Amino acid sequence: MAIYNLGSINIDNFYDVDHLPRPGETLASNDHRVGLGGKGANQSIAAALAGATVHHIGAVGAEGAWCVDRLAKAGVKTDNVAVVNTPTGHANICVDAAGENMIVLFAGANAQITDAQVADALKDADANDTLIMQNETVLTLEAATLARKKGLFVVYSAAPFDASRAAHMLPVTDLLVVNEVEAKQLSNALGVATDQIDVPNLLITKGAQGAVWRVGAKGQKTDVPAFKVDPVDTTGAGDCFIGYVAAGLDQGLDIRDAMRLGAAASAIQVTRHGTADAMPNRAEVDAFLTETGSD
């Protein structure tokens with residue numbers, strides 16, 4: 001079994017600030033760091049560190065070679081990452097003293113992925129495999145449609161959120177992942193209650209309050225609380241959670257155990273600075289679960 005990820009690859013610029021900038025404010029940062037990010041790269045690295053076989057489908061500019069090397073070092077297969085004549089996507093991230101963040105994205109090479117590239121990446125995929133996607137690349141609908149025809153389990157993280165795009169993705173999605181605000185926005189756009197969103201599986205992340213998975217309209221719900229930690233940077237926590245959940249499911253865990261695995265991984269990740277560079281490996285997560293009595 002394998003996980004294919006049509007996902008963004010970004011260069012993250014982090015700025016530590018006393019508070020998040022206000023409109024019209026010029027704010028000096030206390031520190032600056034550069035790291036690998038992008039919701040796609042984050043999820044690929046998390047899933048690979050969890051022990052899954054992960055194939056990343058994406059694109060970088062010539063200056064993004066180190067990003068591809070970083071993915072490979074984490075165990076991600078990068079044969080389907082193209083180098084294009086467009087700068088690598090990037091994010092400027094302000095992080096305040098409480099670990100909250102504000103992010104500005106530039107799509108860059110993430111918008112240059114081609115249909116042929118996606119088709120080639122998925123040519124050997126089958127019904128035992130999973131496709132995960134986010135809203136930071138092009139071709140999510142096309143990739144999901146192809147994956148569904150081949151029997152893959154399609155996981156779609158509707159972030160950064162766009163209600164229209166999310167609505168178009170529902171018919172080709174097996175698991176929709178949104179946070180509480182996004183779930184409300186989507187239900188308002190569709191004119192239905194959240195528990196009536198027409199998707200086989202709905203996973204709503206709630207930050208420090210954990211997450212809930214609903215099977216089918218008004219179906220069985222699985223609630224998993226978050227672990228209590230003192231966060232220093234919440235950037236990428238949701239991606240860490242989703243990557244680990246996808247890996248857990250791929251490895252045969254049931255929904256609750258996969259979610260607990262994701263909750264433990266993200267609890268560790270938020271106690272570190274960075275995104276992809278802050279992702280824990282499986283041994284760390286298993287040890288955390290043992291220490292908390294949740295193994």
# chains A, B, ... in the order shown; residues from 1 in each chain; ligands from 1
$ select_by_dssp --residues "segment 32-202 of chain A" --states "strand (DSSP E or B)" --output "PDB file with N, CA, C and O atoms, in the first residue's frame"
ATOM      1  N   HIS A  32      14.507  35.331  12.462  1.00  0.00           N
ATOM      2  CA  HIS A  32      14.102  34.887  11.119  1.00  0.00           C
ATOM      3  C   HIS A  32      14.719  33.520  10.854  1.00  0.00           C
ATOM      4  O   HIS A  32      15.893  33.280  11.129  1.00  0.00           O
ATOM      5  N   ARG A  33      13.882  32.599  10.330  1.00  0.00           N
ATOM      6  CA  ARG A  33      14.356  31.267   9.973  1.00  0.00           C
ATOM      7  C   ARG A  33      13.774  30.884   8.622  1.00  0.00           C
ATOM      8  O   ARG A  33      12.696  31.359   8.245  1.00  0.00           O
ATOM      9  N   VAL A  34      14.461  30.012   7.921  1.00  0.00           N
ATOM     10  CA  VAL A  34      13.992  29.494   6.637  1.00  0.00           C
ATOM     11  C   VAL A  34      13.894  27.986   6.734  1.00  0.00           C
ATOM     12  O   VAL A  34      14.803  27.320   7.269  1.00  0.00           O
ATOM     13  N   GLY A  35      12.781  27.426   6.251  1.00  0.00           N
ATOM     14  CA  GLY A  35      12.612  25.983   6.303  1.00  0.00           C
ATOM     15  C   GLY A  35      11.714  25.487   5.190  1.00  0.00           C
ATOM     16  O   GLY A  35      11.124  26.276   4.436  1.00  0.00           O
ATOM     17  N   LEU A  36      11.605  24.183   5.066  1.00  0.00           N
ATOM     18  CA  LEU A  36      10.713  23.567   4.102  1.00  0.00           C
ATOM     19  C   LEU A  36       9.293  23.587   4.635  1.00  0.00           C
ATOM     20  O   LEU A  36       9.054  23.309   5.809  1.00  0.00           O
ATOM     21  N   GLY A  37       8.330  23.913   3.758  1.00  0.00           N
ATOM     22  CA  GLY A  37       6.933  23.903   4.164  1.00  0.00           C
ATOM     23  C   GLY A  37       6.031  23.653   2.980  1.00  0.00           C
ATOM     24  O   GLY A  37       6.427  23.022   1.993  1.00  0.00           O
ATOM     25  N   VAL A  54       5.452   6.928   0.633  1.00  0.00           N
ATOM     26  CA  VAL A  54       4.831   8.168   0.157  1.00  0.00           C
ATOM     27  C   VAL A  54       5.470   8.619  -1.152  1.00  0.00           C
ATOM     28  O   VAL A  54       6.699   8.766  -1.236  1.00  0.00           O
ATOM     29  N   HIS A  55       4.637   8.845  -2.165  1.00  0.00           N
ATOM     30  CA  HIS A  55       5.074   9.389  -3.450  1.00  0.00           C
ATOM     31  C   HIS A  55       4.555  10.820  -3.549  1.00  0.00           C
ATOM     32  O   HIS A  55       3.343  11.029  -3.556  1.00  0.00           O
ATOM     33  N   HIS A  56       5.455  11.789  -3.652  1.00  0.00           N
ATOM     34  CA  HIS A  56       5.016  13.183  -3.740  1.00  0.00           C
ATOM     35  C   HIS A  56       4.922  13.609  -5.198  1.00  0.00           C
ATOM     36  O   HIS A  56       5.833  13.370  -5.996  1.00  0.00           O
ATOM     37  N   ILE A  57       3.815  14.261  -5.557  1.00  0.00           N
ATOM     38  CA  ILE A  57       3.597  14.807  -6.896  1.00  0.00           C
ATOM     39  C   ILE A  57       3.580  16.319  -6.752  1.00  0.00           C
ATOM     40  O   ILE A  57       2.681  16.885  -6.119  1.00  0.00           O
ATOM     41  N   GLY A  58       4.579  16.995  -7.309  1.00  0.00           N
ATOM     42  CA  GLY A  58       4.647  18.440  -7.128  1.00  0.00           C
ATOM     43  C   GLY A  58       5.661  19.075  -8.054  1.00  0.00           C
ATOM     44  O   GLY A  58       6.144  18.458  -9.003  1.00  0.00           O
ATOM     45  N   ALA A  59       6.011  20.334  -7.777  1.00  0.00           N
ATOM     46  CA  ALA A  59       6.945  21.069  -8.613  1.00  0.00           C
ATOM     47  C   ALA A  59       7.673  22.123  -7.798  1.00  0.00           C
ATOM     48  O   ALA A  59       7.119  22.689  -6.842  1.00  0.00           O
ATOM     49  N   VAL A  60       8.921  22.375  -8.191  1.00  0.00           N
ATOM     50  CA  VAL A  60       9.737  23.432  -7.585  1.00  0.00           C
ATOM     51  C   VAL A  60      10.444  24.197  -8.690  1.00  0.00           C
ATOM     52  O   VAL A  60      10.548  23.726  -9.825  1.00  0.00           O
ATOM     53  N   LYS A  77       9.371   9.612  -1.613  1.00  0.00           N
ATOM     54  CA  LYS A  77       9.813   9.345  -2.980  1.00  0.00           C
ATOM     55  C   LYS A  77       9.504  10.572  -3.838  1.00  0.00           C
ATOM     56  O   LYS A  77       8.374  11.039  -3.885  1.00  0.00           O
ATOM     57  N   THR A  78      10.520  11.091  -4.530  1.00  0.00           N
ATOM     58  CA  THR A  78      10.407  12.379  -5.210  1.00  0.00           C
ATOM     59  C   THR A  78      10.541  12.276  -6.729  1.00  0.00           C
ATOM     60  O   THR A  78      10.774  13.290  -7.403  1.00  0.00           O
ATOM     61  N   ASP A  79      10.373  11.092  -7.294  1.00  0.00           N
ATOM     62  CA  ASP A  79      10.509  10.924  -8.751  1.00  0.00           C
ATOM     63  C   ASP A  79       9.503  11.762  -9.520  1.00  0.00           C
ATOM     64  O   ASP A  79       9.734  12.094 -10.699  1.00  0.00           O
ATOM     65  N   ASN A  80       8.381  12.086  -8.898  1.00  0.00           N
ATOM     66  CA  ASN A  80       7.322  12.837  -9.583  1.00  0.00           C
ATOM     67  C   ASN A  80       7.285  14.307  -9.180  1.00  0.00           C
ATOM     68  O   ASN A  80       6.262  14.963  -9.313  1.00  0.00           O
ATOM     69  N   VAL A  81       8.414  14.830  -8.697  1.00  0.00           N
ATOM     70  CA  VAL A  81       8.545  16.261  -8.426  1.00  0.00           C
ATOM     71  C   VAL A  81       9.287  16.894  -9.602  1.00  0.00           C
ATOM     72  O   VAL A  81      10.441  16.553  -9.874  1.00  0.00           O
ATOM     73  N   ALA A  82       8.623  17.785 -10.319  1.00  0.00           N
ATOM     74  CA  ALA A  82       9.209  18.421 -11.502  1.00  0.00           C
ATOM     75  C   ALA A  82       9.956  19.693 -11.122  1.00  0.00           C
ATOM     76  O   ALA A  82       9.627  20.361 -10.138  1.00  0.00           O
ATOM     77  N   VAL A  83      10.978  20.026 -11.911  1.00  0.00           N
ATOM     78  CA  VAL A  83      11.669  21.310 -11.789  1.00  0.00           C
ATOM     79  C   VAL A  83      11.210  22.176 -12.962  1.00  0.00           C
ATOM     80  O   VAL A  83      11.348  21.779 -14.130  1.00  0.00           O
ATOM     81  N   GLY A  89       7.233  27.879  -4.742  1.00  0.00           N
ATOM     82  CA  GLY A  89       6.256  28.532  -3.883  1.00  0.00           C
ATOM     83  C   GLY A  89       6.872  28.899  -2.544  1.00  0.00           C
ATOM     84  O   GLY A  89       7.838  28.264  -2.099  1.00  0.00           O
ATOM     85  N   HIS A  90       6.336  29.935  -1.925  1.00  0.00           N
ATOM     86  CA  HIS A  90       6.868  30.272  -0.608  1.00  0.00           C
ATOM     87  C   HIS A  90       5.779  30.839   0.294  1.00  0.00           C
ATOM     88  O   HIS A  90       4.698  31.213  -0.174  1.00  0.00           O
ATOM     89  N   ALA A  91       6.088  30.872   1.572  1.00  0.00           N
ATOM     90  CA  ALA A  91       5.168  31.415   2.569  1.00  0.00           C
ATOM     91  C   ALA A  91       5.944  32.311   3.518  1.00  0.00           C
ATOM     92  O   ALA A  91       7.048  31.962   3.950  1.00  0.00           O
ATOM     93  N   ASN A  92       5.389  33.476   3.817  1.00  0.00           N
ATOM     94  CA  ASN A  92       5.926  34.360   4.849  1.00  0.00           C
ATOM     95  C   ASN A  92       5.047  34.202   6.084  1.00  0.00           C
ATOM     96  O   ASN A  92       3.839  34.481   6.036  1.00  0.00           O
ATOM     97  N   ILE A  93       5.648  33.743   7.169  1.00  0.00           N
ATOM     98  CA  ILE A  93       4.893  33.323   8.352  1.00  0.00           C
ATOM     99  C   ILE A  93       5.327  34.127   9.569  1.00  0.00           C
ATOM    100  O   ILE A  93       6.492  34.073   9.979  1.00  0.00           O
ATOM    101  N   CYS A  94       4.392  34.864  10.145  1.00  0.00           N
ATOM    102  CA  CYS A  94       4.637  35.552  11.416  1.00  0.00           C
ATOM    103  C   CYS A  94       4.129  34.677  12.551  1.00  0.00           C
ATOM    104  O   CYS A  94       2.993  34.195  12.505  1.00  0.00           O
ATOM    105  N   VAL A  95       4.951  34.467  13.565  1.00  0.00           N
ATOM    106  CA  VAL A  95       4.575  33.655  14.720  1.00  0.00           C
ATOM    107  C   VAL A  95       4.712  34.515  15.971  1.00  0.00           C
ATOM    108  O   VAL A  95       5.785  35.076  16.229  1.00  0.00           O
ATOM    109  N   ASN A 101      -0.138  32.092  14.433  1.00  0.00           N
ATOM    110  CA  ASN A 101       0.568  32.528  13.242  1.00  0.00           C
ATOM    111  C   ASN A 101      -0.325  33.273  12.262  1.00  0.00           C
ATOM    112  O   ASN A 101      -1.561  33.200  12.325  1.00  0.00           O
ATOM    113  N   MET A 102       0.294  33.978  11.341  1.00  0.00           N
ATOM    114  CA  MET A 102      -0.363  34.640  10.211  1.00  0.00           C
ATOM    115  C   MET A 102       0.505  34.372   8.994  1.00  0.00           C
ATOM    116  O   MET A 102       1.731  34.536   9.048  1.00  0.00           O
ATOM    117  N   ILE A 103      -0.104  33.933   7.869  1.00  0.00           N
ATOM    118  CA  ILE A 103       0.664  33.421   6.740  1.00  0.00           C
ATOM    119  C   ILE A 103       0.233  34.094   5.436  1.00  0.00           C
ATOM    120  O   ILE A 103      -0.960  34.232   5.163  1.00  0.00           O
ATOM    121  N   VAL A 104       1.210  34.469   4.611  1.00  0.00           N
ATOM    122  CA  VAL A 104       0.971  34.949   3.257  1.00  0.00           C
ATOM    123  C   VAL A 104       1.651  33.974   2.299  1.00  0.00           C
ATOM    124  O   VAL A 104       2.853  33.694   2.440  1.00  0.00           O
ATOM    125  N   LEU A 105       0.883  33.450   1.311  1.00  0.00           N
ATOM    126  CA  LEU A 105       1.385  32.427   0.398  1.00  0.00           C
ATOM    127  C   LEU A 105       1.630  32.980  -0.998  1.00  0.00           C
ATOM    128  O   LEU A 105       0.923  33.871  -1.473  1.00  0.00           O
ATOM    129  N   PHE A 106       2.619  32.399  -1.681  1.00  0.00           N
ATOM    130  CA  PHE A 106       2.836  32.618  -3.103  1.00  0.00           C
ATOM    131  C   PHE A 106       2.889  31.251  -3.758  1.00  0.00           C
ATOM    132  O   PHE A 106       3.722  30.408  -3.401  1.00  0.00           O
ATOM    133  N   THR A 130      -3.771   5.310  -1.452  1.00  0.00           N
ATOM    134  CA  THR A 130      -4.456   6.531  -1.014  1.00  0.00           C
ATOM    135  C   THR A 130      -3.898   7.722  -1.774  1.00  0.00           C
ATOM    136  O   THR A 130      -2.691   7.813  -2.007  1.00  0.00           O
ATOM    137  N   LEU A 131      -4.776   8.651  -2.159  1.00  0.00           N
ATOM    138  CA  LEU A 131      -4.350   9.933  -2.715  1.00  0.00           C
ATOM    139  C   LEU A 131      -4.741  11.022  -1.731  1.00  0.00           C
ATOM    140  O   LEU A 131      -5.905  11.108  -1.331  1.00  0.00           O
ATOM    141  N   ILE A 132      -3.775  11.842  -1.313  1.00  0.00           N
ATOM    142  CA  ILE A 132      -4.086  12.980  -0.457  1.00  0.00           C
ATOM    143  C   ILE A 132      -3.767  14.269  -1.213  1.00  0.00           C
ATOM    144  O   ILE A 132      -2.838  14.327  -2.023  1.00  0.00           O
ATOM    145  N   MET A 133      -4.576  15.303  -0.968  1.00  0.00           N
ATOM    146  CA  MET A 133      -4.442  16.579  -1.675  1.00  0.00           C
ATOM    147  C   MET A 133      -4.846  17.721  -0.757  1.00  0.00           C
ATOM    148  O   MET A 133      -5.508  17.509   0.256  1.00  0.00           O
ATOM    149  N   PHE A 153      -8.410   5.583  -2.308  1.00  0.00           N
ATOM    150  CA  PHE A 153      -9.121   6.319  -1.261  1.00  0.00           C
ATOM    151  C   PHE A 153      -8.619   7.755  -1.317  1.00  0.00           C
ATOM    152  O   PHE A 153      -7.423   8.014  -1.146  1.00  0.00           O
ATOM    153  N   VAL A 154      -9.516   8.704  -1.577  1.00  0.00           N
ATOM    154  CA  VAL A 154      -9.135  10.102  -1.806  1.00  0.00           C
ATOM    155  C   VAL A 154      -9.367  10.940  -0.554  1.00  0.00           C
ATOM    156  O   VAL A 154     -10.498  11.041  -0.062  1.00  0.00           O
ATOM    157  N   VAL A 155      -8.295  11.533  -0.048  1.00  0.00           N
ATOM    158  CA  VAL A 155      -8.342  12.410   1.120  1.00  0.00           C
ATOM    159  C   VAL A 155      -8.072  13.836   0.652  1.00  0.00           C
ATOM    160  O   VAL A 155      -7.019  14.118   0.069  1.00  0.00           O
ATOM    161  N   TYR A 156      -9.010  14.732   0.907  1.00  0.00           N
ATOM    162  CA  TYR A 156      -8.902  16.115   0.448  1.00  0.00           C
ATOM    163  C   TYR A 156      -8.967  17.071   1.625  1.00  0.00           C
ATOM    164  O   TYR A 156      -9.964  17.141   2.332  1.00  0.00           O
ATOM    165  N   SER A 157      -7.881  17.815   1.836  1.00  0.00           N
ATOM    166  CA  SER A 157      -7.844  18.865   2.855  1.00  0.00           C
ATOM    167  C   SER A 157      -8.228  20.177   2.185  1.00  0.00           C
ATOM    168  O   SER A 157      -7.474  20.681   1.351  1.00  0.00           O
ATOM    169  N   LEU A 175     -12.667  11.233   1.936  1.00  0.00           N
ATOM    170  CA  LEU A 175     -12.513  11.848   3.253  1.00  0.00           C
ATOM    171  C   LEU A 175     -12.225  13.326   3.074  1.00  0.00           C
ATOM    172  O   LEU A 175     -11.191  13.705   2.530  1.00  0.00           O
ATOM    173  N   LEU A 176     -13.139  14.166   3.531  1.00  0.00           N
ATOM    174  CA  LEU A 176     -12.972  15.617   3.506  1.00  0.00           C
ATOM    175  C   LEU A 176     -12.431  16.065   4.857  1.00  0.00           C
ATOM    176  O   LEU A 176     -13.001  15.724   5.897  1.00  0.00           O
ATOM    177  N   VAL A 177     -11.342  16.817   4.841  1.00  0.00           N
ATOM    178  CA  VAL A 177     -10.737  17.323   6.069  1.00  0.00           C
ATOM    179  C   VAL A 177     -10.863  18.838   6.106  1.00  0.00           C
ATOM    180  O   VAL A 177     -10.391  19.528   5.195  1.00  0.00           O
ATOM    181  N   VAL A 178     -11.499  19.356   7.152  1.00  0.00           N
ATOM    182  CA  VAL A 178     -11.657  20.800   7.342  1.00  0.00           C
ATOM    183  C   VAL A 178     -11.521  21.112   8.825  1.00  0.00           C
ATOM    184  O   VAL A 178     -11.677  20.230   9.677  1.00  0.00           O
ATOM    185  N   ASN A 179     -11.242  22.375   9.144  1.00  0.00           N
ATOM    186  CA  ASN A 179     -11.305  22.770  10.540  1.00  0.00           C
ATOM    187  C   ASN A 179     -12.720  23.267  10.848  1.00  0.00           C
ATOM    188  O   ASN A 179     -13.583  23.298   9.966  1.00  0.00           O
ATOM    189  N   ASN A 201     -16.943  10.501   4.262  1.00  0.00           N
ATOM    190  CA  ASN A 201     -16.297  10.688   5.562  1.00  0.00           C
ATOM    191  C   ASN A 201     -15.909  12.145   5.722  1.00  0.00           C
ATOM    192  O   ASN A 201     -15.381  12.763   4.789  1.00  0.00           O
ATOM    193  N   LEU A 202     -16.165  12.692   6.902  1.00  0.00           N
ATOM    194  CA  LEU A 202     -15.836  14.090   7.204  1.00  0.00           C
ATOM    195  C   LEU A 202     -15.002  14.128   8.472  1.00  0.00           C
ATOM    196  O   LEU A 202     -15.421  13.629   9.528  1.00  0.00           O
TER     197      LEU A 202
END
$ residues_around --residues "Asp31 of chain A" --least-positions-apart "4" --cutoff "9 Å" --atoms "only C-alpha atoms" --output "PyMOL selection string"
chain A and resi 14-17
$ residues_around --residues "Arg214 of chain A" --least-positions-apart "2" --cutoff "10 Å" --atoms "only C-alpha atoms" --output "number ranges by chain"
A: 175-176, 195, 199-204, 212, 216-223
$ write_last_selection --atoms "C-alpha atoms" --output "short mmCIF file (atom, residue, chain, number, x, y, z; two decimals), in the first residue's frame"
data_model
loop_
_atom_site.label_atom_id
_atom_site.label_comp_id
_atom_site.auth_asym_id
_atom_site.auth_seq_id
_atom_site.Cartn_x
_atom_site.Cartn_y
_atom_site.Cartn_z
CA LEU A 175 -12.51 11.85 3.25
CA LEU A 176 -12.97 15.62 3.51
CA ASP A 195 -23.68 16.86 9.50
CA VAL A 199 -19.32 13.18 1.61
CA PRO A 200 -18.59 9.59 2.72
CA ASN A 201 -16.30 10.69 5.56
CA LEU A 202 -15.84 14.09 7.20
CA LEU A 203 -12.93 14.87 9.53
CA ILE A 204 -13.18 18.15 11.43
CA VAL A 212 -14.09 14.44 15.17
CA GLY A 216 -21.71 9.35 6.20
CA ALA A 217 -24.52 11.85 6.66
CA LYS A 218 -25.49 11.78 10.35
CA GLY A 219 -23.40 8.61 10.70
CA GLN A 220 -21.18 7.26 13.44
CA LYS A 221 -18.88 9.84 15.02
CA THR A 222 -15.43 9.29 16.50
CA ASP A 223 -14.18 12.04 18.82
#
$ atom_distance --atom1 "atom CA of Thr140 of chain A" --atom2 "atom CA of Asp12 of chain A"
22.5 Å
$ select_by_dssp --residues "segment 114-205 of chain A" --states "alpha helix (DSSP H)" --output "PyMOL selection string"
chain A and resi 115-121+140-149+163-169+180-190
$ closest_residue --among "A:Val181, A:Ala41, A:Ala97, A:Ala119" --to "Leu71 of chain A" --atoms "only C-alpha atoms"
A:Ala41
$ closest_residue --among "A:Gln43, A:Asn110, A:Thr194, A:Asn128" --to "Ala2 of chain A" --atoms "only C-alpha atoms"
A:Asn128
$ closest_residue --among "A:Gly293, A:Gly243, A:Pro21, A:Gly248" --to "Met1 of chain A" --atoms "only C-alpha atoms"
A:Gly248
$ residues_around --residues "Gly210 of chain A" --least-positions-apart "3" --cutoff "10 Å" --atoms "only C-alpha atoms" --output "PDB file with N, CA, C and O atoms, in the first residue's frame"
ATOM      1  N   ILE A 204     -13.252  16.753  11.019  1.00  0.00           N
ATOM      2  CA  ILE A 204     -13.180  18.155  11.426  1.00  0.00           C
ATOM      3  C   ILE A 204     -12.124  18.284  12.518  1.00  0.00           C
ATOM      4  O   ILE A 204     -12.244  17.660  13.593  1.00  0.00           O
ATOM      5  N   THR A 205     -11.093  19.080  12.253  1.00  0.00           N
ATOM      6  CA  THR A 205     -10.062  19.322  13.251  1.00  0.00           C
ATOM      7  C   THR A 205     -10.448  20.545  14.082  1.00  0.00           C
ATOM      8  O   THR A 205     -10.984  21.518  13.558  1.00  0.00           O
ATOM      9  N   LYS A 206     -10.151  20.469  15.377  1.00  0.00           N
ATOM     10  CA  LYS A 206     -10.579  21.525  16.306  1.00  0.00           C
ATOM     11  C   LYS A 206      -9.436  22.057  17.162  1.00  0.00           C
ATOM     12  O   LYS A 206      -9.653  22.522  18.282  1.00  0.00           O
ATOM     13  N   GLY A 207      -8.223  21.964  16.645  1.00  0.00           N
ATOM     14  CA  GLY A 207      -7.089  22.510  17.375  1.00  0.00           C
ATOM     15  C   GLY A 207      -6.895  21.847  18.732  1.00  0.00           C
ATOM     16  O   GLY A 207      -6.833  20.625  18.852  1.00  0.00           O
ATOM     17  N   ASP A 223     -14.814  10.852  18.245  1.00  0.00           N
ATOM     18  CA  ASP A 223     -14.185  12.042  18.815  1.00  0.00           C
ATOM     19  C   ASP A 223     -12.869  11.657  19.478  1.00  0.00           C
ATOM     20  O   ASP A 223     -12.821  10.707  20.272  1.00  0.00           O
ATOM     21  N   VAL A 224     -11.819  12.384  19.155  1.00  0.00           N
ATOM     22  CA  VAL A 224     -10.522  12.148  19.776  1.00  0.00           C
ATOM     23  C   VAL A 224      -9.997  13.476  20.313  1.00  0.00           C
ATOM     24  O   VAL A 224      -9.870  14.442  19.556  1.00  0.00           O
ATOM     25  N   PRO A 225      -9.710  13.554  21.620  1.00  0.00           N
ATOM     26  CA  PRO A 225      -9.214  14.820  22.180  1.00  0.00           C
ATOM     27  C   PRO A 225      -7.759  15.067  21.802  1.00  0.00           C
ATOM     28  O   PRO A 225      -7.020  14.140  21.442  1.00  0.00           O
ATOM     29  N   ALA A 226      -7.346  16.316  21.894  1.00  0.00           N
ATOM     30  CA  ALA A 226      -5.938  16.656  21.698  1.00  0.00           C
ATOM     31  C   ALA A 226      -5.193  16.408  23.002  1.00  0.00           C
ATOM     32  O   ALA A 226      -5.784  16.401  24.086  1.00  0.00           O
ATOM     33  N   PHE A 227      -3.898  16.177  22.891  1.00  0.00           N
ATOM     34  CA  PHE A 227      -3.055  16.063  24.080  1.00  0.00           C
ATOM     35  C   PHE A 227      -2.694  17.466  24.555  1.00  0.00           C
ATOM     36  O   PHE A 227      -2.443  18.362  23.743  1.00  0.00           O
ATOM     37  N   LYS A 228      -2.665  17.668  25.850  1.00  0.00           N
ATOM     38  CA  LYS A 228      -2.370  18.977  26.409  1.00  0.00           C
ATOM     39  C   LYS A 228      -0.861  19.193  26.462  1.00  0.00           C
ATOM     40  O   LYS A 228      -0.142  18.475  27.155  1.00  0.00           O
ATOM     41  N   MET A 259      -6.448   8.392  14.447  1.00  0.00           N
ATOM     42  CA  MET A 259      -6.595   9.759  14.939  1.00  0.00           C
ATOM     43  C   MET A 259      -5.753   9.997  16.187  1.00  0.00           C
ATOM     44  O   MET A 259      -5.181  11.077  16.370  1.00  0.00           O
ATOM     45  N   ARG A 260      -5.661   9.006  17.059  1.00  0.00           N
ATOM     46  CA  ARG A 260      -4.813   9.150  18.251  1.00  0.00           C
ATOM     47  C   ARG A 260      -3.349   9.274  17.855  1.00  0.00           C
ATOM     48  O   ARG A 260      -2.593  10.046  18.443  1.00  0.00           O
ATOM     49  N   ALA A 263      -2.966  12.783  16.662  1.00  0.00           N
ATOM     50  CA  ALA A 263      -3.020  13.729  17.778  1.00  0.00           C
ATOM     51  C   ALA A 263      -1.695  13.761  18.532  1.00  0.00           C
ATOM     52  O   ALA A 263      -1.218  14.829  18.937  1.00  0.00           O
TER      53      ALA A 263
END
